[in-house]
Amino acid sequence: MENLSKRNTRMAKMAMLVAVSIVLVALIHLPIFPAVPFLEYDPADIPILIGTFAFGPGAGILLTLVTSILQGVTVSAASGVYGIIMHVIATSALTLTAGLIYSKNKSKKSAIIALVAGTLAMVIVMIPANMLITTRFMGLTLEALMPFMPWIIAFNLVKAGINSVVTFLVYKRISPFLHR
C-alpha cells in the first residue's frame, strides 16, 4: 500500500509541474530576436527540468510528452501538431541529456555539466529537426529555410540557456518539497 501511496504522490507532484509549465507559457512568451518574431521564448522547460532532476530522465520524458500535448491543445494551439512535435523533440533532447548526466552524480558540478550538455544537445538536435520537420510543415524548401538557421540555432541556445540557468538557481530550493 505504501508503494501505491508514494507513486500517487509522485504523480501528483509531476502533474503540478505540468500545470506550472503550462501556466508559465500562458503568462510568458516573447520573441527574443526582432528579426524572427515567430521564435518566442517561454519558460515551459523549467518545471520539466526540475521534474527531471527530482524524478529522473524517464520522468522528464513523460513530463515533456504530457506538457507538450496539453500545451499544444490549449495555450499554444495555434502551432498545432507542428508545435507539439517540435516541443517534444527539443525538450526531450534537453531533459534526457541533462537527466542522464545528473542522475549519475547529484552535485552542483554535475548539474552544471548536465544543463550545459542538455542545452548543447537541444541546439544540435534542433538543426536536423528544423531541416526535416519545419520544411514539411511550413512548405519551405531547404534553401528557403537556411537563412533562418543561424537565428534558430541562436534561439535554441538562448532559450535552453535561460531555462537551464533558472533551473540551476531554483532546483535546490524546490527539491525538498518534491522529495517529501
# chains A, B, ... in the order shown; residues from 1 in each chain; ligands from 1
call {"tool": "select_by_dssp", "arguments": {"residues": "chain A", "states": "alpha helix (DSSP H)", "output": "ChimeraX atom specification"}}
result
/A:2-27,45-55,57-73,80-104,108-129,135-138,142-145,149-178
call {"tool": "atom_distance", "arguments": {"atom1": "atom CA of A:Thr95", "atom2": "atom CA of A:Thr52"}}
result
6.5 Å
call {"tool": "select_by_dssp", "arguments": {"residues": "chain A", "states": "strand (DSSP E or B)", "output": "PDB file with all heavy atoms, in the first residue's frame"}}
result
ATOM      1  N   LEU A  30       7.635  35.485 -25.358  1.00  0.00           N
ATOM      2  CA  LEU A  30       8.022  36.703 -26.053  1.00  0.00           C
ATOM      3  C   LEU A  30       9.147  36.425 -27.041  1.00  0.00           C
ATOM      4  O   LEU A  30       9.978  35.554 -26.819  1.00  0.00           O
ATOM      5  CB  LEU A  30       8.454  37.766 -25.033  1.00  0.00           C
ATOM      6  CG  LEU A  30       9.488  37.326 -24.010  1.00  0.00           C
ATOM      7  CD1 LEU A  30      10.731  38.169 -24.128  1.00  0.00           C
ATOM      8  CD2 LEU A  30       8.879  37.472 -22.638  1.00  0.00           C
ATOM      9  N   PRO A  31       9.152  37.179 -28.127  1.00  0.00           N
ATOM     10  CA  PRO A  31      10.229  36.996 -29.099  1.00  0.00           C
ATOM     11  C   PRO A  31      11.567  37.446 -28.511  1.00  0.00           C
ATOM     12  O   PRO A  31      11.627  38.409 -27.752  1.00  0.00           O
ATOM     13  CB  PRO A  31       9.817  37.872 -30.275  1.00  0.00           C
ATOM     14  CG  PRO A  31       8.772  38.784 -29.764  1.00  0.00           C
ATOM     15  CD  PRO A  31       8.199  38.197 -28.519  1.00  0.00           C
ATOM     16  N   GLU A  40       9.545  32.402 -30.207  1.00  0.00           N
ATOM     17  CA  GLU A  40       9.255  33.012 -28.915  1.00  0.00           C
ATOM     18  C   GLU A  40       9.840  32.210 -27.756  1.00  0.00           C
ATOM     19  O   GLU A  40       9.676  30.986 -27.686  1.00  0.00           O
ATOM     20  CB  GLU A  40       7.747  33.127 -28.699  1.00  0.00           C
ATOM     21  CG  GLU A  40       7.090  34.135 -29.591  1.00  0.00           C
ATOM     22  CD  GLU A  40       5.649  34.381 -29.211  1.00  0.00           C
ATOM     23  OE1 GLU A  40       4.982  33.450 -28.720  1.00  0.00           O
ATOM     24  OE2 GLU A  40       5.185  35.511 -29.392  1.00  0.00           O
ATOM     25  N   TYR A  41      10.491  32.931 -26.851  1.00  0.00           N
ATOM     26  CA  TYR A  41      10.974  32.311 -25.621  1.00  0.00           C
ATOM     27  C   TYR A  41       9.783  32.023 -24.714  1.00  0.00           C
ATOM     28  O   TYR A  41       8.851  32.820 -24.612  1.00  0.00           O
ATOM     29  CB  TYR A  41      11.943  33.240 -24.869  1.00  0.00           C
ATOM     30  CG  TYR A  41      12.192  32.746 -23.461  1.00  0.00           C
ATOM     31  CD1 TYR A  41      13.064  31.691 -23.235  1.00  0.00           C
ATOM     32  CD2 TYR A  41      11.495  33.280 -22.386  1.00  0.00           C
ATOM     33  CE1 TYR A  41      13.255  31.197 -21.945  1.00  0.00           C
ATOM     34  CE2 TYR A  41      11.684  32.791 -21.100  1.00  0.00           C
ATOM     35  CZ  TYR A  41      12.552  31.752 -20.891  1.00  0.00           C
ATOM     36  OH  TYR A  41      12.724  31.256 -19.627  1.00  0.00           O
TER      37      TYR A  41
END
call {"tool": "residues_around", "arguments": {"residues": "A:His179", "least_positions_apart": "6", "cutoff": "9 Å", "atoms": "only C-alpha atoms", "output": "VMD selection string"}}
result
chain A and resid 10 54 to 55
call {"tool": "residues_around", "arguments": {"residues": "stretch 2-6 of chain A", "least_positions_apart": "5", "cutoff": "10 Å", "atoms": "only C-alpha atoms", "output": "list of chain:residue names"}}
result
A:Met11, A:Ala12, A:Arg180
call {"tool": "write_last_selection", "arguments": {"atoms": "C-alpha atoms", "output": "short mmCIF file (atom, residue, chain, number, x, y, z; two decimals), in the first residue's frame"}}
result
data_model
loop_
_atom_site.label_atom_id
_atom_site.label_comp_id
_atom_site.auth_asym_id
_atom_site.auth_seq_id
_atom_site.Cartn_x
_atom_site.Cartn_y
_atom_site.Cartn_z
CA MET A 11 2.33 11.54 -9.99
CA ALA A 12 0.54 14.41 -8.24
CA ARG A 180 8.97 14.69 0.75
#
call {"tool": "closest_residue", "arguments": {"among": "A:Ile84, A:Ile101, A:Leu145, A:Ala78", "to": "A:Phe53", "atoms": "only C-alpha atoms"}}
result
A:Ile101
call {"tool": "residues_around", "arguments": {"residues": "A:Ala26", "least_positions_apart": "4", "cutoff": "9 Å", "atoms": "only C-alpha atoms", "output": "list of chain:residue names"}}
result
A:Ser21, A:Ile22, A:Asp42, A:Gln71, A:Val75, A:Ser76
call {"tool": "write_last_selection", "arguments": {"atoms": "N, CA, C and O atoms", "output": "compact mmCIF listing (two decimals), in the first residue's frame"}}
result
# COMPACT_ATOMS: atom_id res chain seq x y z
N SER A 21 4.15 24.48 -15.78
CA SER A 21 4.74 24.68 -17.09
C SER A 21 3.75 25.35 -18.05
O SER A 21 4.10 26.31 -18.75
N ILE A 22 2.54 24.88 -18.05
CA ILE A 22 1.52 25.43 -18.95
C ILE A 22 1.15 26.86 -18.55
O ILE A 22 1.00 27.74 -19.40
N ASP A 42 9.83 30.88 -24.05
CA ASP A 42 8.91 30.59 -22.96
C ASP A 42 9.64 29.74 -21.93
O ASP A 42 10.57 29.03 -22.26
N GLN A 71 -0.11 21.62 -23.68
CA GLN A 71 0.20 22.98 -24.13
C GLN A 71 -0.23 23.16 -25.58
O GLN A 71 -0.77 24.20 -25.96
N VAL A 75 -2.84 26.53 -24.62
CA VAL A 75 -2.23 27.85 -24.73
C VAL A 75 -1.41 28.06 -26.00
O VAL A 75 -1.17 29.20 -26.40
N SER A 76 -0.98 26.98 -26.63
CA SER A 76 -0.19 27.10 -27.87
C SER A 76 -0.89 26.43 -29.05
O SER A 76 -0.24 25.94 -29.96
call {"tool": "closest_residue", "arguments": {"among": "A:Leu140, A:Asn156, A:Ser103, A:Lys108", "to": "A:Ile89", "atoms": "only C-alpha atoms"}}
result
A:Asn156
call {"tool": "closest_residue", "arguments": {"among": "A:Ile127, A:Ile50, A:Leu65, A:Ile152", "to": "A:Leu169", "atoms": "only C-alpha atoms"}}
result
A:Ile50
call {"tool": "closest_residue", "arguments": {"among": "A:Val25, A:Pro37, A:Ile162, A:Pro128", "to": "A:Ala77", "atoms": "only C-alpha atoms"}}
result
A:Val25
call {"tool": "atom_distance", "arguments": {"atom1": "atom CA of A:Leu96", "atom2": "atom CA of A:Phe168"}}
result
16.0 Å
call {"tool": "atom_distance", "arguments": {"atom1": "atom CA of A:Gly56", "atom2": "atom CA of A:Gly99"}}
result
5.8 Å
call {"tool": "closest_residue", "arguments": {"among": "A:Phe177, A:Tyr102, A:Phe38, A:Tyr82", "to": "A:Ile133", "atoms": "only C-alpha atoms"}}
result
A:Tyr82
call {"tool": "residues_around", "arguments": {"residues": "stretch 115-121 of chain A", "least_positions_apart": "5", "cutoff": "10 Å", "atoms": "only C-alpha atoms", "output": "VMD selection string"}}
result
chain A and resid 49 90 to 102 110 126 156 to 165 167 to 168
call {"tool": "write_last_selection", "arguments": {"atoms": "N, CA, C and O atoms", "output": "short mmCIF file (atom, residue, chain, number, x, y, z; two decimals), in the first residue's frame"}}
result
data_model
loop_
_atom_site.label_atom_id
_atom_site.label_comp_id
_atom_site.auth_asym_id
_atom_site.auth_seq_id
_atom_site.Cartn_x
_atom_site.Cartn_y
_atom_site.Cartn_z
N LEU A 49 12.53 20.44 -16.40
CA LEU A 49 13.89 20.16 -15.95
C LEU A 49 13.93 19.89 -14.44
O LEU A 49 14.65 18.99 -13.98
N ALA A 90 12.69 19.03 -28.99
CA ALA A 90 13.62 19.96 -28.35
C ALA A 90 13.77 19.67 -26.86
O ALA A 90 14.89 19.52 -26.35
N THR A 91 12.65 19.59 -26.17
CA THR A 91 12.70 19.41 -24.72
C THR A 91 13.17 18.01 -24.35
O THR A 91 13.87 17.84 -23.34
N SER A 92 12.86 17.01 -25.14
CA SER A 92 13.37 15.66 -24.88
C SER A 92 14.89 15.62 -24.98
O SER A 92 15.55 14.97 -24.16
N ALA A 93 15.44 16.29 -25.97
CA ALA A 93 16.90 16.32 -26.09
C ALA A 93 17.52 16.99 -24.87
O ALA A 93 18.51 16.50 -24.30
N LEU A 94 16.93 18.08 -24.43
CA LEU A 94 17.41 18.81 -23.26
C LEU A 94 17.29 17.98 -21.99
O LEU A 94 18.26 17.78 -21.26
N THR A 95 16.09 17.46 -21.73
CA THR A 95 15.85 16.77 -20.46
C THR A 95 16.51 15.40 -20.40
O THR A 95 17.02 15.02 -19.35
N LEU A 96 16.49 14.67 -21.50
CA LEU A 96 17.11 13.34 -21.48
C LEU A 96 18.61 13.45 -21.23
O LEU A 96 19.16 12.75 -20.38
N THR A 97 19.25 14.35 -21.94
CA THR A 97 20.69 14.53 -21.76
C THR A 97 21.01 15.01 -20.35
O THR A 97 21.85 14.42 -19.65
N ALA A 98 20.34 16.07 -19.91
CA ALA A 98 20.60 16.61 -18.58
C ALA A 98 20.24 15.59 -17.50
O ALA A 98 20.98 15.41 -16.53
N GLY A 99 19.12 14.90 -17.68
CA GLY A 99 18.68 13.93 -16.68
C GLY A 99 19.60 12.74 -16.54
O GLY A 99 19.87 12.28 -15.42
N LEU A 100 20.09 12.24 -17.67
CA LEU A 100 21.02 11.10 -17.61
C LEU A 100 22.32 11.47 -16.90
O LEU A 100 22.83 10.70 -16.09
N ILE A 101 22.83 12.64 -17.19
CA ILE A 101 24.09 13.07 -16.57
C ILE A 101 23.87 13.35 -15.08
O ILE A 101 24.63 12.86 -14.24
N TYR A 102 22.84 14.09 -14.74
CA TYR A 102 22.61 14.46 -13.34
C TYR A 102 22.27 13.24 -12.48
O TYR A 102 22.66 13.18 -11.31
N SER A 110 27.87 18.51 -11.25
CA SER A 110 27.18 17.62 -12.19
C SER A 110 25.96 18.31 -12.80
O SER A 110 25.66 18.14 -13.98
N MET A 126 18.00 20.19 -32.78
CA MET A 126 17.02 21.02 -33.48
C MET A 126 17.48 21.47 -34.87
O MET A 126 16.66 21.93 -35.66
N ASN A 156 17.52 28.55 -29.93
CA ASN A 156 17.56 27.36 -29.09
C ASN A 156 18.64 27.46 -28.02
O ASN A 156 18.43 27.02 -26.88
N LEU A 157 19.76 28.07 -28.35
CA LEU A 157 20.83 28.25 -27.38
C LEU A 157 20.39 29.19 -26.26
O LEU A 157 20.58 28.90 -25.07
N VAL A 158 19.76 30.30 -26.62
CA VAL A 158 19.31 31.28 -25.62
C VAL A 158 18.17 30.70 -24.78
O VAL A 158 18.19 30.79 -23.55
N LYS A 159 17.19 30.09 -25.43
CA LYS A 159 16.05 29.53 -24.70
C LYS A 159 16.49 28.45 -23.72
O LYS A 159 16.17 28.50 -22.53
N ALA A 160 17.24 27.47 -24.19
CA ALA A 160 17.70 26.39 -23.32
C ALA A 160 18.66 26.93 -22.26
O ALA A 160 18.64 26.48 -21.11
N GLY A 161 19.48 27.91 -22.64
CA GLY A 161 20.42 28.50 -21.69
C GLY A 161 19.71 29.21 -20.55
O GLY A 161 20.04 28.99 -19.37
N ILE A 162 18.73 30.04 -20.87
CA ILE A 162 17.97 30.74 -19.82
C ILE A 162 17.26 29.73 -18.91
O ILE A 162 17.33 29.81 -17.69
N ASN A 163 16.59 28.75 -19.53
CA ASN A 163 15.84 27.78 -18.74
C ASN A 163 16.77 26.93 -17.87
O ASN A 163 16.41 26.56 -16.75
N SER A 164 17.95 26.64 -18.37
CA SER A 164 18.93 25.87 -17.60
C SER A 164 19.45 26.69 -16.41
O SER A 164 19.58 26.17 -15.30
N VAL A 165 19.77 27.95 -16.65
CA VAL A 165 20.27 28.81 -15.56
C VAL A 165 19.20 28.96 -14.47
O VAL A 165 19.49 28.82 -13.28
N THR A 167 16.72 26.93 -13.83
CA THR A 167 16.59 25.63 -13.16
C THR A 167 17.70 25.45 -12.13
O THR A 167 17.45 25.03 -10.99
N PHE A 168 18.92 25.76 -12.51
CA PHE A 168 20.05 25.62 -11.59
C PHE A 168 19.85 26.48 -10.34
O PHE A 168 20.14 26.06 -9.23
#
